[in-house]
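**Q** What follows is a structure written as structure tokens; I'll ask about it next.
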Amino acid sequence: MNNADTIQKQDLLSKSFVFGILDHEIQLELAEKARLVRYSAGDTIFDQGSTGQSMMAIAKGSVRVSALAPTARNVVLADLQAGDVFGEIALLDGGERSADVRASTNCELVVLERRHVLPYLKGQPDLAVKMITLLCQRLRKSDDRMMEFAFLQLPERIARTLLRISGGLDGDPVNAKDRLSLSQSEIADMIGGTRENVNRCLRRWQKAGIIDLRDGWLIILDRNKLADFAGDT
């Protein structure tokens, strides 16, 4: 294998939330067995229910994780960025994929096969703990989303989603983004609502000077008012 390719993959793994804690030598061992694959924006990475024997670390770009709800609506579960990993559930239990994953942008992924990762989980307690931490974080986020769907009204769900995506929910408001390239259909998929109801809410907020909708952008004008709608964050 090309040594430069191995070093590149090792460097990418070192930036991962999960694999960054491993020693340099172990990262190199995993990198030698990993594959670097590229996807174009809109490509399917894998489908819910498909066989899962690998996990992926995002080297460049972003991916969207979604699943088909019992109501036959497609619900967005997460948007993952460089450094994040996904596909870990099927890798650990050898079962089917629990969600759909699509490339949101052109992206590069470091792909690790189940047969290569499991021996390291058995021999590297820190890696196993990091994987457990990742699963717990995903479970907590999933529980939070279910609670929002079950108990929050649509304006609250929209406000929390906009703040979360912009980086202002449980993040650093100073570095939060005020311009979001986000369609109303995408927002509806994220909150489990309809595009029509999302549109009505956003238009009310636009008239109130809380947001603006311009040239395909959703612009947050009054983050404090939006936080009021989001409730206790």
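To be explicit about the labels: the chains of the structure tokens are called A, B, and onward in the order shown, and within each one the residues are counted from 1, while ligands get numbers from 1 in the order they are shown.
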Which polymer residues have any atom within 12 Å of an atom of Arg64 (chain A), counting only C-alpha atoms, with same-chain residues fewer than 6 positions away left out, as a ChimeraX atom specification?

**A** /A:41-47,58,74-81,84-86,99-105,107,186,189-190

**Q** Excluding His116 (chain A) and any residue of its chain fewer than 5 positions from it, enumerate the residues within 10 Å of it, using only C-alpha atoms, and give them as an NGL selection string.

**A** :A and (29-30 or 33-34 or 54 or 121)

**Q** Kindly provide the residues of region 113-174 of chain A that approach region 199-217 of chain A to within 10 Å, each paired with its closest atom pair and their distance in Å to one decimal, based on only C-alpha atoms, listed by chain and increasing number, as JSON lines.

**A**
```
{"residue": "A:Leu154", "atom": "CA", "partner": "A:Cys201", "partner_atom": "CA", "distance": 8.3}
{"residue": "A:Pro155", "atom": "CA", "partner": "A:Cys201", "partner_atom": "CA", "distance": 6.7}
{"residue": "A:Ile158", "atom": "CA", "partner": "A:Cys201", "partner_atom": "CA", "distance": 8.5}
{"residue": "A:Ala159", "atom": "CA", "partner": "A:Leu202", "partner_atom": "CA", "distance": 9.8}
```

**Q** Using only C-alpha atoms, can you tell me which of A:Ile7, A:Arg38, A:Ile191, A:Leu109 comes closest to Gln153 (chain A)?

**A**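 Closest residue, counting only C-alpha atoms: A:Ile191.
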
**Q** So which residues of region 1-156 of chain A fall under helix (DSSP H, G or I) by DSSP, listed as a ChimeraX atom specification?

**A** /A:3-14,19-21,24-33,88-93,114-123,125-151,154-156

**Q** Check the smallest atom-to-atom distance from each of A:Pro70, A:Gly20, A:Gly231, A:Gly94 to Gln53 (chain A) using only C-alpha atoms, then report the winner.

**A** A:Gly94

**Q** Name the closest residue to Gln184 (chain A) among the candidates A:Leu91, A:Leu226, A:Leu218, A:Gly167; distances are taken between atoms, counting only C-alpha atoms.

**A**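 The closest residue to Gln184 (chain A) is A:Leu218.
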
**Q** With distances taken over only C-alpha atoms, which of A:Met55, A:Val65, A:Leu163, A:Val117 is nearest to Ala90 (chain A)?

**A** A:Met55

**Q** May I have the residues within 8 Å of Gly83 (chain A) as a ChimeraX atom specification, using only C-alpha atoms and disregarding those fewer than 3 positions away in the same chain?

**A** /A:12-13,15-17,57-59

**Q** Can you tell me, as an NGL selection string, what residues are no more than 10 Å from Arg145 (chain A) when counting only C-alpha atoms, ignoring any on the same chain fewer than 3 positions away?

**A** :A and (77 or 139-142 or 148-150 or 157 or 161 or 190-192)

**Q** Generate a file of the selected residues that holds N, CA and C atoms, formatted as a short mmCIF file (atom, residue, chain, number, x, y, z; two decimals), in the first residue's frame.

**A**
```cif
data_model
loop_
_atom_site.label_atom_id
_atom_site.label_comp_id
_atom_site.auth_asym_id
_atom_site.auth_seq_id
_atom_site.Cartn_x
_atom_site.Cartn_y
_atom_site.Cartn_z
N LEU A 77 -32.32 13.09 11.29
CA LEU A 77 -31.84 12.79 12.63
C LEU A 77 -30.59 13.57 13.00
N LEU A 139 -27.70 8.50 21.78
CA LEU A 139 -28.94 8.13 22.46
C LEU A 139 -29.57 9.32 23.16
N ARG A 140 -28.75 10.14 23.81
CA ARG A 140 -29.27 11.33 24.48
C ARG A 140 -29.90 12.30 23.47
N LYS A 141 -29.22 12.50 22.33
CA LYS A 141 -29.77 13.38 21.31
C LYS A 141 -31.07 12.82 20.76
N SER A 142 -31.12 11.51 20.58
CA SER A 142 -32.34 10.88 20.08
C SER A 142 -33.48 11.04 21.08
N GLU A 148 -38.96 16.46 22.11
CA GLU A 148 -39.40 17.65 21.37
C GLU A 148 -40.61 17.33 20.50
N PHE A 149 -40.54 16.23 19.76
CA PHE A 149 -41.64 15.85 18.88
C PHE A 149 -42.92 15.62 19.67
N ALA A 150 -42.76 15.01 20.86
CA ALA A 150 -43.94 14.60 21.63
C ALA A 150 -44.57 15.76 22.40
N ARG A 157 -40.27 23.88 18.31
CA ARG A 157 -39.41 22.92 17.61
C ARG A 157 -38.61 23.62 16.52
N THR A 161 -34.52 24.06 16.51
CA THR A 161 -33.78 23.53 15.36
C THR A 161 -32.89 24.59 14.74
N MET A 190 -36.83 18.01 9.68
CA MET A 190 -36.08 17.98 10.93
C MET A 190 -36.99 18.02 12.15
N ILE A 191 -38.16 18.64 12.02
CA ILE A 191 -39.02 18.81 13.20
C ILE A 191 -40.25 17.90 13.17
N GLY A 192 -40.40 17.12 12.09
CA GLY A 192 -41.56 16.24 12.00
C GLY A 192 -42.84 17.00 11.70
#
```

**Q** Report the residues of region 87-188 of chain A whose backbone DSSP state falls under strand (DSSP E), written as a PyMOL selection string.

**A** chain A and resi 100-103+107-113+179-180

**Q** Any chance you can output those residues with N, CA, C and O atoms as an mmCIF file, in the first residue's frame?

**A**
```
data_model
loop_
_atom_site.group_PDB
_atom_site.id
_atom_site.type_symbol
_atom_site.label_atom_id
_atom_site.label_comp_id
_atom_site.auth_asym_id
_atom_site.auth_seq_id
_atom_site.Cartn_x
_atom_site.Cartn_y
_atom_site.Cartn_z
ATOM 1 N N ASP A 100 -30.832 6.068 6.999
ATOM 2 C CA ASP A 100 -30.271 6.421 5.691
ATOM 3 C C ASP A 100 -29.185 7.467 5.889
ATOM 4 O O ASP A 100 -29.316 8.341 6.760
ATOM 5 N N VAL A 101 -28.155 7.419 5.077
ATOM 6 C CA VAL A 101 -27.116 8.451 5.112
ATOM 7 C C VAL A 101 -26.842 8.903 3.690
ATOM 8 O O VAL A 101 -26.599 8.084 2.793
ATOM 9 N N ARG A 102 -26.904 10.221 3.476
ATOM 10 C CA ARG A 102 -26.642 10.827 2.176
ATOM 11 C C ARG A 102 -25.529 11.869 2.328
ATOM 12 O O ARG A 102 -25.387 12.485 3.385
ATOM 13 N N ALA A 103 -24.794 12.063 1.264
ATOM 14 C CA ALA A 103 -23.767 13.112 1.246
ATOM 15 C C ALA A 103 -24.447 14.461 1.049
ATOM 16 O O ALA A 103 -25.113 14.681 0.040
ATOM 17 N N CYS A 107 -17.831 14.850 -0.335
ATOM 18 C CA CYS A 107 -17.169 14.462 0.913
ATOM 19 C C CYS A 107 -16.208 13.297 0.704
ATOM 20 O O CYS A 107 -16.293 12.555 -0.280
ATOM 21 N N GLU A 108 -15.279 13.171 1.645
ATOM 22 C CA GLU A 108 -14.340 12.067 1.701
ATOM 23 C C GLU A 108 -14.534 11.345 3.020
ATOM 24 O O GLU A 108 -14.635 11.980 4.079
ATOM 25 N N LEU A 109 -14.571 10.019 2.962
ATOM 26 C CA LEU A 109 -14.790 9.205 4.152
ATOM 27 C C LEU A 109 -13.682 8.177 4.294
ATOM 28 O O LEU A 109 -13.238 7.588 3.305
ATOM 29 N N VAL A 110 -13.248 7.961 5.521
ATOM 30 C CA VAL A 110 -12.340 6.864 5.833
ATOM 31 C C VAL A 110 -13.210 5.703 6.310
ATOM 32 O O VAL A 110 -13.890 5.806 7.329
ATOM 33 N N VAL A 111 -13.201 4.601 5.563
ATOM 34 C CA VAL A 111 -14.080 3.463 5.835
ATOM 35 C C VAL A 111 -13.301 2.373 6.550
ATOM 36 O O VAL A 111 -12.241 1.921 6.077
ATOM 37 N N LEU A 112 -13.825 1.943 7.684
ATOM 38 C CA LEU A 112 -13.194 0.897 8.489
ATOM 39 C C LEU A 112 -14.138 -0.302 8.582
ATOM 40 O O LEU A 112 -15.300 -0.157 8.973
ATOM 41 N N GLU A 113 -13.648 -1.478 8.232
ATOM 42 C CA GLU A 113 -14.466 -2.684 8.250
ATOM 43 C C GLU A 113 -14.591 -3.245 9.665
ATOM 44 O O GLU A 113 -13.684 -3.117 10.489
ATOM 45 N N ARG A 179 -26.663 33.171 9.162
ATOM 46 C CA ARG A 179 -27.189 32.889 7.823
ATOM 47 C C ARG A 179 -27.179 31.385 7.597
ATOM 48 O O ARG A 179 -26.127 30.746 7.667
ATOM 49 N N LEU A 180 -28.351 30.841 7.324
ATOM 50 C CA LEU A 180 -28.489 29.399 7.141
ATOM 51 C C LEU A 180 -29.030 29.105 5.741
ATOM 52 O O LEU A 180 -30.037 29.677 5.329
#
```
